[in-house]
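Structure data (compact mmCIF, C-alpha atoms and all ligand atoms) from start17.txt:
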```txt
# COMPACT_ATOMS: atom_id res chain seq x y z
CA MET A 1 -21.51 -20.25 14.03
CA SER A 2 -18.57 -19.17 11.87
CA LYS A 3 -19.35 -16.70 9.06
CA GLY A 4 -16.80 -18.44 6.85
CA HIS A 5 -13.10 -19.16 6.69
CA VAL A 6 -10.77 -16.48 5.32
CA LEU A 7 -7.26 -17.18 4.06
CA VAL A 8 -5.20 -14.00 4.50
CA THR A 9 -1.97 -14.09 2.50
CA GLY A 10 0.57 -11.69 3.99
CA GLY A 11 -1.49 -11.90 7.20
CA ALA A 12 1.56 -11.37 9.43
CA GLY A 13 2.26 -8.00 7.77
CA PHE A 14 1.17 -4.50 8.63
CA ILE A 15 -2.28 -4.39 7.02
CA GLY A 16 -2.87 -8.15 6.99
CA SER A 17 -2.47 -8.54 10.77
CA HIS A 18 -5.07 -5.83 11.46
CA LEU A 19 -7.40 -7.49 8.98
CA VAL A 20 -6.94 -10.79 10.84
CA ASP A 21 -8.05 -9.12 14.11
CA ILE A 22 -11.14 -7.60 12.49
CA LEU A 23 -12.17 -10.81 10.73
CA LEU A 24 -11.85 -12.85 13.92
CA ALA A 25 -13.84 -10.21 15.84
CA ARG A 26 -16.57 -10.38 13.18
CA GLY A 27 -16.92 -14.15 13.49
CA PHE A 28 -14.76 -15.57 10.69
CA ASP A 29 -12.23 -18.37 11.06
CA VAL A 30 -8.88 -17.18 9.76
CA THR A 31 -5.78 -18.82 8.31
CA VAL A 32 -2.64 -16.76 7.74
CA LEU A 33 -0.21 -17.72 5.00
CA ASP A 34 3.02 -15.73 5.29
CA CYS A 35 6.68 -16.39 4.51
CA LEU A 36 7.85 -13.77 7.05
CA LEU A 37 10.12 -11.81 4.70
CA PRO A 38 13.23 -10.74 6.67
CA GLN A 39 13.08 -7.17 5.32
CA VAL A 40 9.63 -6.78 6.90
CA HIS A 41 9.97 -8.90 10.04
CA GLY A 42 13.74 -8.90 10.66
CA GLU A 43 13.65 -6.51 13.59
CA ALA A 44 10.09 -6.87 14.82
CA GLU A 45 9.50 -8.59 18.13
CA CYS A 46 8.92 -12.25 17.25
CA ASP A 47 8.02 -15.47 19.05
CA GLY A 48 10.27 -18.55 19.02
CA GLU A 49 9.01 -19.55 15.56
CA GLY A 50 9.60 -16.15 13.97
CA TRP A 51 6.00 -14.90 14.01
CA PRO A 52 5.47 -11.28 15.09
CA VAL A 53 4.13 -11.14 18.67
CA TYR A 54 1.23 -8.91 17.62
CA LEU A 55 -0.28 -11.64 15.42
CA ASN A 56 -3.63 -12.79 16.80
CA PRO A 57 -3.20 -16.27 18.42
CA ALA A 58 -6.71 -17.31 17.30
CA ALA A 59 -5.62 -17.45 13.65
CA ARG A 60 -4.25 -20.68 12.16
CA ARG A 61 -0.71 -20.04 10.87
CA ILE A 62 1.10 -21.44 7.87
CA ARG A 63 4.66 -20.28 7.36
CA GLY A 64 5.39 -20.60 3.68
CA ASN A 65 5.88 -18.80 0.40
CA ILE A 66 3.03 -18.70 -2.11
CA LEU A 67 5.62 -19.64 -4.71
CA ASP A 68 6.54 -22.84 -2.85
CA ASP A 69 5.18 -25.96 -4.51
CA GLY A 70 1.75 -26.95 -3.18
CA ILE A 71 1.68 -24.40 -0.31
CA PHE A 72 -1.23 -22.32 -1.57
CA GLU A 73 -3.24 -25.35 -2.52
CA SER A 74 -2.89 -26.91 0.92
CA ALA A 75 -3.60 -23.56 2.64
CA LEU A 76 -6.96 -23.45 0.81
CA SER A 77 -8.33 -26.39 2.80
CA GLY A 78 -11.78 -25.34 4.15
CA VAL A 79 -11.34 -21.76 2.93
CA THR A 80 -14.41 -19.83 1.73
CA HIS A 81 -12.93 -16.32 1.32
CA LEU A 82 -9.54 -15.16 0.08
CA ALA A 83 -7.82 -11.91 1.08
CA HIS A 84 -4.59 -11.62 -0.90
CA LEU A 85 -2.19 -9.09 0.60
CA ALA A 86 1.21 -10.81 0.34
CA ALA A 87 3.63 -8.82 -1.80
CA SER A 88 7.01 -7.17 -2.01
CA VAL A 89 6.11 -3.55 -1.41
CA GLY A 90 9.01 -1.14 -2.07
CA VAL A 91 8.47 1.19 -5.04
CA GLY A 92 12.12 2.33 -5.30
CA GLN A 93 13.51 -1.11 -4.50
CA SER A 94 11.42 -2.67 -7.27
CA MET A 95 13.35 -0.71 -9.90
CA ALA A 96 16.59 -2.54 -9.14
CA ASN A 97 15.09 -5.93 -8.21
CA ILE A 98 12.87 -6.47 -11.20
CA VAL A 99 13.03 -10.26 -11.34
CA ASP A 100 12.38 -10.70 -7.61
CA TYR A 101 9.50 -8.23 -7.60
CA THR A 102 7.86 -9.67 -10.68
CA ARG A 103 8.24 -13.18 -9.34
CA ASN A 104 6.87 -12.38 -5.90
CA ASN A 105 4.02 -10.14 -7.03
CA THR A 106 2.94 -11.19 -10.52
CA MET A 107 4.05 -14.83 -10.65
CA ALA A 108 2.63 -15.43 -7.16
CA ALA A 109 -0.75 -14.20 -8.44
CA ALA A 110 -0.43 -16.56 -11.42
CA VAL A 111 0.31 -19.50 -9.11
CA MET A 112 -2.73 -18.75 -6.95
CA LEU A 113 -5.10 -18.24 -9.87
CA GLU A 114 -3.99 -21.40 -11.61
CA VAL A 115 -4.66 -23.38 -8.44
CA LEU A 116 -8.10 -21.76 -8.14
CA SER A 117 -8.89 -22.53 -11.73
CA ARG A 118 -7.60 -26.14 -11.81
CA THR A 119 -8.34 -27.66 -8.42
CA PRO A 120 -11.57 -28.12 -6.45
CA HIS A 121 -12.06 -25.52 -3.70
CA LYS A 122 -14.80 -23.62 -1.84
CA VAL A 123 -13.62 -20.04 -2.40
CA GLU A 124 -16.69 -17.90 -3.01
CA ARG A 125 -15.28 -14.38 -2.69
CA MET A 126 -11.92 -12.63 -3.13
CA ALA A 127 -10.42 -9.27 -2.15
CA VAL A 128 -6.93 -8.35 -3.35
CA ALA A 129 -4.61 -5.53 -2.35
CA SER A 130 -3.95 -3.25 -5.28
CA SER A 131 -2.30 0.14 -5.04
CA MET A 132 -2.73 3.81 -5.93
CA SER A 133 0.70 3.50 -7.56
CA ILE A 134 -0.94 1.95 -10.64
CA TYR A 135 -2.42 5.35 -11.54
CA GLY A 136 0.95 6.98 -12.00
CA GLU A 137 0.04 10.66 -11.86
CA GLY A 138 -3.29 11.44 -10.24
CA GLU A 139 -6.08 13.39 -11.94
CA TYR A 140 -5.82 17.12 -12.60
CA ARG A 141 -7.77 20.01 -14.08
CA VAL A 142 -6.93 23.37 -15.54
CA PRO A 143 -7.77 25.85 -12.74
CA GLY A 144 -11.27 27.23 -13.26
CA SER A 145 -12.34 24.42 -15.61
CA ASP A 146 -14.33 21.28 -14.78
CA ARG A 147 -12.65 19.13 -17.40
CA ARG A 148 -10.56 16.35 -15.84
CA LEU A 149 -7.12 15.56 -17.24
CA ALA A 150 -4.81 12.57 -16.90
CA PRO A 151 -1.47 14.13 -17.85
CA PRO A 152 1.51 11.94 -18.78
CA LEU A 153 4.37 11.43 -16.35
CA ARG A 154 6.84 14.31 -16.15
CA ASP A 155 9.66 13.91 -18.63
CA HIS A 156 13.37 13.66 -17.89
CA ALA A 157 14.21 17.20 -19.10
CA GLN A 158 11.57 18.73 -16.81
CA LEU A 159 12.84 16.76 -13.84
CA LEU A 160 16.47 17.69 -14.58
CA ASP A 161 15.28 21.33 -14.38
CA HIS A 162 13.76 20.56 -10.96
CA ASP A 163 10.48 21.81 -12.33
CA TRP A 164 8.19 19.66 -10.21
CA GLU A 165 4.59 20.65 -11.04
CA LEU A 166 2.54 19.52 -14.06
CA HIS A 167 1.68 22.15 -16.63
CA ALA A 168 -0.64 22.79 -19.57
CA GLY A 169 1.25 25.44 -21.54
CA ASP A 170 2.08 28.18 -19.04
CA VAL A 171 -0.54 27.13 -16.50
CA ASP A 172 0.17 24.89 -13.49
CA LEU A 173 -2.39 22.09 -13.41
CA GLU A 174 -4.45 21.68 -10.24
CA PRO A 175 -4.64 18.16 -8.72
CA VAL A 176 -8.15 16.83 -8.01
CA PRO A 177 -9.28 13.57 -6.33
CA THR A 178 -8.42 10.58 -8.52
CA THR A 179 -11.26 8.29 -9.61
CA GLU A 180 -11.03 4.62 -10.60
CA ASP A 181 -11.80 5.58 -14.22
CA LYS A 182 -8.50 7.35 -14.67
CA ILE A 183 -6.21 5.67 -17.18
CA LEU A 184 -3.45 3.64 -15.54
CA GLN A 185 0.14 4.84 -16.03
CA PRO A 186 2.28 2.79 -13.64
CA ALA A 187 5.68 4.43 -13.15
CA SER A 188 7.58 1.64 -11.39
CA ILE A 189 7.97 -2.12 -11.58
CA TYR A 190 6.04 -2.44 -8.31
CA ALA A 191 3.17 -0.49 -9.90
CA VAL A 192 3.30 -2.56 -13.10
CA ASN A 193 3.20 -5.70 -10.95
CA LYS A 194 0.22 -4.38 -8.98
CA ARG A 195 -1.68 -3.40 -12.13
CA ASP A 196 -1.06 -6.81 -13.66
CA HIS A 197 -2.00 -8.72 -10.54
CA GLU A 198 -5.20 -6.67 -10.19
CA ASP A 199 -6.20 -7.42 -13.79
CA MET A 200 -5.30 -11.09 -13.38
CA PHE A 201 -7.49 -11.50 -10.30
CA LEU A 202 -10.40 -9.59 -11.83
CA SER A 203 -10.31 -11.51 -15.09
CA VAL A 204 -9.89 -15.00 -13.59
CA GLY A 205 -12.38 -14.18 -10.80
CA ARG A 206 -14.93 -13.18 -13.47
CA ALA A 207 -14.27 -16.33 -15.50
CA LEU A 208 -14.67 -18.57 -12.42
CA ARG A 209 -17.74 -16.56 -11.22
CA ILE A 210 -16.00 -15.74 -7.94
CA PRO A 211 -16.90 -12.12 -7.02
CA THR A 212 -13.62 -10.21 -6.75
CA VAL A 213 -12.74 -6.72 -5.57
CA ALA A 214 -9.34 -5.11 -6.03
CA LEU A 215 -8.79 -2.46 -3.38
CA ARG A 216 -6.50 0.30 -4.60
CA LEU A 217 -4.89 1.32 -1.34
CA PHE A 218 -3.48 4.80 -0.88
CA ASN A 219 -0.79 5.43 1.76
CA ALA A 220 -1.72 3.37 4.80
CA TYR A 221 -0.29 4.31 8.19
CA GLY A 222 -0.61 2.88 11.68
CA SER A 223 0.78 0.48 14.23
CA ARG A 224 2.78 -2.59 13.14
CA GLN A 225 4.23 -0.89 10.08
CA ALA A 226 7.80 -2.12 9.59
CA LEU A 227 9.91 0.75 10.96
CA SER A 228 13.22 -0.63 9.79
CA ASN A 229 12.15 -1.19 6.19
CA PRO A 230 13.60 1.82 4.33
CA TYR A 231 11.54 1.25 1.21
CA THR A 232 7.97 1.58 2.43
CA GLY A 233 5.69 3.71 4.53
CA VAL A 234 6.79 7.31 4.50
CA ALA A 235 5.28 8.04 7.94
CA ALA A 236 7.13 5.10 9.51
CA ILE A 237 10.38 6.10 7.79
CA PHE A 238 10.06 9.71 8.99
CA ILE A 239 9.40 8.57 12.57
CA SER A 240 12.39 6.30 12.41
CA ARG A 241 14.58 9.25 11.27
CA LEU A 242 13.18 11.60 13.93
CA LEU A 243 13.67 9.07 16.72
CA ASN A 244 17.28 8.86 15.62
CA ASP A 245 17.45 12.73 15.77
CA GLN A 246 17.79 12.97 12.00
CA PRO A 247 15.66 15.13 9.69
CA PRO A 248 13.12 13.33 7.49
CA LEU A 249 14.46 13.23 3.92
CA VAL A 250 11.97 14.74 1.49
CA PHE A 251 12.24 14.27 -2.26
CA GLU A 252 11.47 17.13 -4.72
CA ASP A 253 10.27 20.19 -2.73
CA GLY A 254 8.09 18.27 -0.29
CA ARG A 255 4.89 19.88 -1.61
CA GLN A 256 3.78 16.75 -3.45
CA ARG A 257 0.43 15.64 -2.06
CA ARG A 258 -0.69 12.18 -1.02
CA ASP A 259 -3.61 10.54 0.78
CA PHE A 260 -2.84 8.94 4.16
CA VAL A 261 -5.40 6.44 5.33
CA HIS A 262 -5.52 4.75 8.74
CA VAL A 263 -4.67 1.05 8.63
CA LEU A 264 -7.91 0.16 10.46
CA ASP A 265 -9.93 1.94 7.77
CA VAL A 266 -8.07 -0.16 5.19
CA ALA A 267 -8.61 -3.39 7.11
CA GLU A 268 -12.32 -2.58 7.56
CA ALA A 269 -12.62 -2.01 3.82
CA PHE A 270 -11.26 -5.52 3.18
CA ALA A 271 -13.54 -7.05 5.80
CA GLY A 272 -16.60 -5.18 4.49
CA VAL A 273 -15.95 -6.24 0.91
CA LEU A 274 -15.53 -9.87 1.98
CA GLU A 275 -18.73 -9.77 4.04
CA SER A 276 -20.79 -8.29 1.22
CA ASP A 277 -22.81 -10.54 -1.07
CA LYS A 278 -22.60 -8.18 -4.08
CA GLN A 279 -21.77 -10.03 -7.28
CA VAL A 280 -19.14 -7.61 -8.56
CA TRP A 281 -15.74 -7.62 -10.23
CA GLU A 282 -14.50 -4.11 -9.54
CA ALA A 283 -11.55 -1.99 -8.46
CA CYS A 284 -12.19 0.56 -5.71
CA ASN A 285 -10.02 3.23 -4.10
CA VAL A 286 -9.35 3.03 -0.37
CA GLY A 287 -8.13 6.37 0.92
CA SER A 288 -9.06 9.07 3.41
CA GLY A 289 -10.20 11.42 0.66
CA ARG A 290 -7.95 14.12 2.20
CA ALA A 291 -4.82 15.45 0.46
CA ILE A 292 -1.75 16.28 2.53
CA SER A 293 1.76 17.28 1.50
CA VAL A 294 4.84 15.26 2.40
CA ASN A 295 6.23 18.35 4.21
CA GLU A 296 3.07 18.55 6.33
CA ILE A 297 3.48 14.90 7.31
CA ALA A 298 7.09 15.48 8.36
CA GLN A 299 6.14 18.61 10.35
CA THR A 300 3.17 16.92 12.06
CA LEU A 301 5.31 13.97 13.12
CA ALA A 302 8.12 16.21 14.41
CA ARG A 303 5.55 18.19 16.45
CA LEU A 304 3.96 15.06 17.90
CA LEU A 305 7.38 13.62 18.76
CA ARG A 306 8.40 16.98 20.27
CA LYS A 307 11.46 17.17 18.05
CA ASN A 308 12.52 20.56 16.75
CA ILE A 309 13.76 19.07 13.48
CA ALA A 310 12.70 20.43 10.08
CA PRO A 311 12.52 18.07 7.10
CA LYS A 312 15.55 18.09 4.79
CA VAL A 313 14.32 18.97 1.32
CA LEU A 314 16.52 17.05 -1.14
CA ASN A 315 15.34 18.79 -4.30
CA GLN A 316 15.91 15.48 -6.06
CA TYR A 317 13.56 13.27 -8.02
CA ARG A 318 13.30 9.58 -7.13
CA VAL A 319 12.62 7.45 -10.19
CA GLY A 320 9.12 6.02 -10.05
CA ASP A 321 7.65 8.87 -7.97
CA ILE A 322 4.64 10.88 -9.11
CA ARG A 323 3.76 14.43 -8.14
CA HIS A 324 0.23 14.36 -6.66
CA CYS A 325 -2.30 11.61 -6.12
CA PHE A 326 -5.15 11.45 -3.62
CA ALA A 327 -8.34 9.42 -3.66
CA ASP A 328 -11.88 9.97 -4.74
CA ILE A 329 -13.48 7.58 -2.24
CA GLY A 330 -17.04 7.68 -3.59
CA LYS A 331 -17.11 4.31 -5.38
CA LEU A 332 -16.38 2.17 -2.30
CA GLU A 333 -19.18 3.96 -0.46
CA ARG A 334 -21.64 3.68 -3.36
CA LEU A 335 -20.98 -0.05 -3.87
CA PHE A 336 -20.43 -1.24 -0.30
CA GLY A 337 -21.40 1.63 2.04
CA ILE A 338 -17.80 1.76 3.34
CA ARG A 339 -16.25 5.11 4.40
CA PRO A 340 -13.03 5.85 6.32
CA LYS A 341 -13.72 6.83 9.95
CA ARG A 342 -10.40 7.73 11.56
CA ASP A 343 -9.20 11.26 12.16
CA PHE A 344 -5.72 12.03 10.78
CA ASP A 345 -4.21 13.77 13.82
CA LEU A 346 -5.55 11.15 16.23
CA GLY A 347 -4.28 8.39 13.94
CA MET A 348 -0.79 9.89 13.72
CA GLY A 349 -0.83 10.29 17.53
CA GLU A 350 -1.59 6.58 17.88
CA LEU A 351 1.22 5.77 15.47
CA ILE A 352 3.63 7.78 17.59
CA ASP A 353 2.43 6.03 20.77
CA TRP A 354 2.99 2.68 19.14
CA VAL A 355 6.43 3.62 17.86
CA SER A 356 7.42 4.89 21.29
CA THR A 357 6.70 1.48 22.81
CA ALA A 358 8.15 -0.52 19.89
CA ARG A 359 11.84 -1.27 19.68
CA ARG A 360 13.94 1.70 18.56
CA PRO A 361 14.29 1.28 14.81
CA LEU A 362 17.58 1.35 13.02
CA ASP A 363 17.75 4.21 10.55
CA ARG A 364 18.58 2.70 7.17
CA SER A 365 17.83 5.82 5.11
CA ALA A 366 21.50 6.47 4.30
CA ALA A 367 21.98 2.93 2.97
CA SER A 368 18.80 3.07 0.89
CA MET A 369 19.75 6.52 -0.51
CA ALA A 370 23.15 5.12 -1.49
CA GLU A 371 21.48 2.14 -3.17
CA LEU A 372 19.14 4.44 -5.12
CA ALA A 373 22.09 6.61 -6.20
CA ASN A 374 24.22 3.59 -7.22
CA ASN A 375 21.36 2.34 -9.34
CA ARG A 376 20.89 5.79 -10.93
CA LEU A 377 17.43 6.04 -9.45
CA VAL A 378 17.64 9.65 -8.23
CA ILE A 379 17.90 12.73 -10.42
N1 LIG A 401 1.04 -0.15 3.17
C1 LIG A 401 0.56 0.61 2.19
O1 LIG A 401 0.48 1.83 2.31
C2 LIG A 401 0.07 -0.02 0.92
C3 LIG A 401 -0.35 0.83 -0.14
C4 LIG A 401 -0.79 0.26 -1.32
C5 LIG A 401 -0.87 -1.11 -1.44
N2 LIG A 401 -0.45 -1.91 -0.42
C6 LIG A 401 -0.54 -3.35 -0.60
O2 LIG A 401 -1.13 -3.93 0.56
C7 LIG A 401 -0.56 -5.21 0.81
C8 LIG A 401 -0.05 -5.30 2.24
O3 LIG A 401 0.94 -4.29 2.44
P1 LIG A 401 1.66 -4.09 3.84
O4 LIG A 401 2.01 -2.66 3.92
O5 LIG A 401 0.86 -4.71 4.92
O6 LIG A 401 3.00 -4.90 3.60
P2 LIG A 401 3.87 -5.81 4.59
O7 LIG A 401 5.22 -5.92 3.96
O8 LIG A 401 3.78 -5.31 5.99
O9 LIG A 401 3.12 -7.21 4.54
C9 LIG A 401 3.27 -8.09 3.46
C10 LIG A 401 3.39 -9.49 4.06
O10 LIG A 401 3.44 -10.42 2.98
C11 LIG A 401 4.40 -11.41 3.28
N3 LIG A 401 4.82 -11.96 1.99
C12 LIG A 401 5.45 -11.32 0.96
N4 LIG A 401 5.63 -12.14 -0.08
C13 LIG A 401 5.09 -13.34 0.28
C14 LIG A 401 4.97 -14.59 -0.39
N5 LIG A 401 5.45 -14.77 -1.61
N6 LIG A 401 4.35 -15.61 0.27
C15 LIG A 401 3.87 -15.44 1.52
N7 LIG A 401 3.97 -14.26 2.21
C16 LIG A 401 4.57 -13.24 1.58
C17 LIG A 401 5.48 -10.67 4.04
O11 LIG A 401 6.27 -11.53 4.86
C18 LIG A 401 4.67 -9.69 4.88
O12 LIG A 401 4.33 -10.24 6.14
C19 LIG A 401 0.52 -5.40 -0.26
O13 LIG A 401 -0.04 -6.18 -1.32
C20 LIG A 401 0.82 -4.01 -0.75
O14 LIG A 401 1.27 -4.01 -2.10
C21 LIG A 401 0.02 -1.39 0.75
```
For this file, write the structure as structure tokens.
Amino acid sequence: MSKGHVLVTGGAGFIGSHLVDILLARGFDVTVLDCLLPQVHGEAECDGEGWPVYLNPAARRIRGNILDDGIFESALSGVTHLAHLAASVGVGQSMANIVDYTRNNTMAAAVMLEVLSRTPHKVERMAVASSMSIYGEGEYRVPGSDRRLAPPLRDHAQLLDHDWELHAGDVDLEPVPTTEDKILQPASIYAVNKRDHEDMFLSVGRALRIPTVALRLFNAYGSRQALSNPYTGVAAIFISRLLNDQPPLVFEDGRQRRDFVHVLDVAEAFAGVLESDKQVWEACNVGSGRAISVNEIAQTLARLLRKNIAPKVLNQYRVGDIRHCFADIGKLERLFGIRPKRDFDLGMGELIDWVSTARRPLDRSAASMAELANNRLVI
């Protein structure tokens, strides 16, 4: 007997398609609603109708945009659980495409929530994809002290000086794992959109008594990530550069630290939250809990690809970027018993294997750098 029927928006994308596989394997019926954005799917291997070949054939498919009249409402037929992952996902790109991003991320959430609040349906649980980007800077402490700090974003004068770290007086602050309690300081339109859409889902979910969890995803990596999309997925972008015998381009000094989490750990977090019967309206981090610098990522990938190519450190700031942010992953475990399981080196190895069998990606880094420069988005 089916465990329920999940509608996965953005289910043809990188994370969504893995979630579809896991949900089907765990006994759910699944419908995918996806408009197949050309920037994401343009160069992926597709079937005759434009769907990526990796998409599980057991899922029902609806090709359409959430913003299209009536599409979401009709997709809800028979649906008991909603996983909302559809979005425009480029941080840098969002700064020059503000209307498009706000329409596709925030307005799309408004359309969905209005349908849920006005029309009869059977949705009894929701999980939505939020992002670590809504934190802005991660959490810090003064070395040797236990007091946590949420410093403001670095100011323009500091960045013009190429002074990358955060300071308290003369002391460099030390980054620590970021908890969900940290104040939100989104530094890009994408992040503002994600913060708003998270709040919108939590508040309407609470009002309609539909348990809702916003998963604040850190940097996901793994197979099916769009290799030709220059705006997302630093690991995929670096691989695409290295395969084209070009050095990965690293902003600032490359020592900024992030949290890279395997896509299957992310997809399992969504599935686990949807399977739970906890009556909660909460935001939870989904990360690996391990901090790694952008330089280390570039070096690991070059080693695994057997390319003797060092990253090119640009010593430039990209508007919207933060210095350090990695996850405290305790809340997801406390609430739902969910922990990431995949090892980083093995996961990156799998990513390389997948890239080696995927079509050779076009390297669009030069074009995206030019676009950022034209829009005055690098300092
Ligand atoms: N990948 C990451 O590291 C990461 C990190 C933080 C948050 N997230 C969030 O996770 C979610 C999934 O990200 P992803 O990396 O799988 O992205 P993706 O671009 O691979 O997938 C998004 C999918 O949504 C579809 N889509 C976009 N707008 C749509 C619309 N209006 N109607 C219907 N379909 C639409 C696209 O065609 C695409 O298939 C997004 O909400 C993103 O903001 C991802």
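The interatomic distance for the pair CA of Leu217 (chain A) and CA of Ile309 (chain A) works out to 29.7 Å.
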Next item on the list: Pick out the residues sitting within 10 Å of Ser276 (chain A), and hand them over as a PyMOL selection string; count all atoms listed in the file, and ignore anything fewer than 2 positions along from it in its own chain.
Entry: chain A and resi 125+211+271-274+278-280+335-337
Please find the residues contacting ligand LIG 401 (chain A) at a distance of at most 6 Å between atoms, with only C-alpha atoms and all ligand atoms counted, and report them as a tab-separated table (two decimals) with C-alpha atoms, keeping the file's coordinate frame.
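After the write, part_27.tsv holds the following:
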```
chain	number	residue	atom	x	y	z
A	9	THR	CA	-1.97	-14.09	2.50
A	10	GLY	CA	0.57	-11.69	3.99
A	12	ALA	CA	1.56	-11.37	9.43
A	13	GLY	CA	2.26	-8.00	7.77
A	14	PHE	CA	1.17	-4.50	8.63
A	15	ILE	CA	-2.28	-4.39	7.02
A	16	GLY	CA	-2.87	-8.15	6.99
A	33	LEU	CA	-0.21	-17.72	5.00
A	34	ASP	CA	3.02	-15.73	5.29
A	35	CYS	CA	6.68	-16.39	4.51
A	36	LEU	CA	7.85	-13.77	7.05
A	37	LEU	CA	10.12	-11.81	4.70
A	40	VAL	CA	9.63	-6.78	6.90
A	64	GLY	CA	5.39	-20.60	3.68
A	65	ASN	CA	5.88	-18.80	0.40
A	66	ILE	CA	3.03	-18.70	-2.11
A	67	LEU	CA	5.62	-19.64	-4.71
A	85	LEU	CA	-2.19	-9.09	0.60
A	86	ALA	CA	1.21	-10.81	0.34
A	87	ALA	CA	3.63	-8.82	-1.80
A	88	SER	CA	7.01	-7.17	-2.01
A	89	VAL	CA	6.11	-3.55	-1.41
A	104	ASN	CA	6.87	-12.38	-5.90
A	129	ALA	CA	-4.61	-5.53	-2.35
A	130	SER	CA	-3.95	-3.25	-5.28
A	131	SER	CA	-2.30	0.14	-5.04
A	217	LEU	CA	-4.89	1.32	-1.34
A	218	PHE	CA	-3.48	4.80	-0.88
A	219	ASN	CA	-0.79	5.43	1.76
A	220	ALA	CA	-1.72	3.37	4.80
A	233	GLY	CA	5.69	3.71	4.53
```
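When only C-alpha atoms are used to compute distances to Glu45 (chain A), the closest of the residues A:His121, A:Arg255, A:Arg224, A:Arg290 turns out to be A:Arg224.
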Next item on the list: Quote the spacing between CA of His41 (chain A) and CA of Ala226 (chain A) in Å to one decimal place.
Entry: 7.1 Å
Notebook entry, point to check: Near Gly138 (chain A), counting all atoms listed in the file, which residues have an atom at most 8 Å away, once you skip same-chain residues fewer than 3 positions from it, shown as a list in words?
Noted result: Tyr135, Ala150, Pro175, Val176, Pro177, Thr178, Lys182, Arg323, His324, Cys325 and Phe326 of chain A
Margin query: So that I can check the surroundings of Leu215 (chain A), please list as a ChimeraX atom specification every protein, DNA and RNA residue that reaches within 8 Å of it, counting all atoms listed in the file and ignoring chain neighbours fewer than 5 positions away.
Written below: /A:127-131,270,283-286
Output file for the residues above (C-alpha atoms, as an mmCIF file, in the frame of the given file):
```
data_model
loop_
_atom_site.group_PDB
_atom_site.id
_atom_site.type_symbol
_atom_site.label_atom_id
_atom_site.label_comp_id
_atom_site.auth_asym_id
_atom_site.auth_seq_id
_atom_site.Cartn_x
_atom_site.Cartn_y
_atom_site.Cartn_z
ATOM 1 C CA ALA A 127 -10.420 -9.270 -2.150
ATOM 2 C CA VAL A 128 -6.930 -8.350 -3.350
ATOM 3 C CA ALA A 129 -4.610 -5.530 -2.350
ATOM 4 C CA SER A 130 -3.950 -3.250 -5.280
ATOM 5 C CA SER A 131 -2.300 0.140 -5.040
ATOM 6 C CA PHE A 270 -11.260 -5.520 3.180
ATOM 7 C CA ALA A 283 -11.550 -1.990 -8.460
ATOM 8 C CA CYS A 284 -12.190 0.560 -5.710
ATOM 9 C CA ASN A 285 -10.020 3.230 -4.100
ATOM 10 C CA VAL A 286 -9.350 3.030 -0.370
#
```
Each side padded by 6 Å, which centre and which edge lengths in Å (one decimal) define the axis-aligned box around the listed atoms of region 111-122 of chain A? Give them as JSON.
```
{"center_x": -7.2, "center_y": -23.2, "center_z": -6.8, "size_x": 27.1, "size_y": 21.9, "size_z": 22.0}
```
Next item on the list: State, in Å with one decimal place, the distance from CA of Met126 (chain A) to CA of Pro52 (chain A).
Entry: 25.2 Å
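Point (-15.1, -19.7, -8.5) has the following residues at most 8 Å away: A:Leu116, A:Ser117, A:Lys122, A:Val123, A:Glu124, A:Arg125, A:Gly205, A:Ala207, A:Leu208, A:Arg209, A:Ile210, A:Pro211 (atoms considered: all atoms listed in the file).
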Item checked: Residue neighbourhood region 292-305 of chain A, 7 Å, only C-alpha atoms, exclusion window fewer than 2 positions, as a PyMOL selection string -> chain A and resi 238-239+242+248+254-259+290+307-311+349
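Among the candidate residues A:Ala187, A:Leu23, A:Val8, A:Val171, the one lying nearest to Val91 (chain A) is A:Ala187, with distances computed using all atoms listed in the file.
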Next item on the list: Would you mind telling me which residue in A:Gly320, A:Pro186, A:Gly90, A:Gly70 lies nearest to Gln39 (chain A) when using all atoms listed in the file?
Entry: A:Gly90
Would you pick out the contacts of region 152-154 of chain A at 8 Å or less, using all atoms listed in the file, so that residues sharing its chain but fewer than 2 positions from it are not included, and give the list as a CSV table (one decimal) with C-alpha atoms, in the frame of the given file?
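New file around_25.csv:
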```csv
chain,number,residue,atom,x,y,z
A,136,GLY,CA,1.0,7.0,-12.0
A,137,GLU,CA,0.0,10.7,-11.9
A,150,ALA,CA,-4.8,12.6,-16.9
A,156,HIS,CA,13.4,13.7,-17.9
A,158,GLN,CA,11.6,18.7,-16.8
A,159,LEU,CA,12.8,16.8,-13.8
A,166,LEU,CA,2.5,19.5,-14.1
A,185,GLN,CA,0.1,4.8,-16.0
A,187,ALA,CA,5.7,4.4,-13.2
A,322,ILE,CA,4.6,10.9,-9.1
```
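Remark: for Leu149 (chain A), the closest of the candidate residues A:Arg103, A:Met369, A:Met132, A:Glu174 is A:Glu174 (distances computed over all atoms listed in the file).
In this comparison, which uses all atoms listed in the file, the residue of A:Lys312, A:His262, A:His81, A:Arg206 approaching Val30 (chain A) most closely is A:His81.
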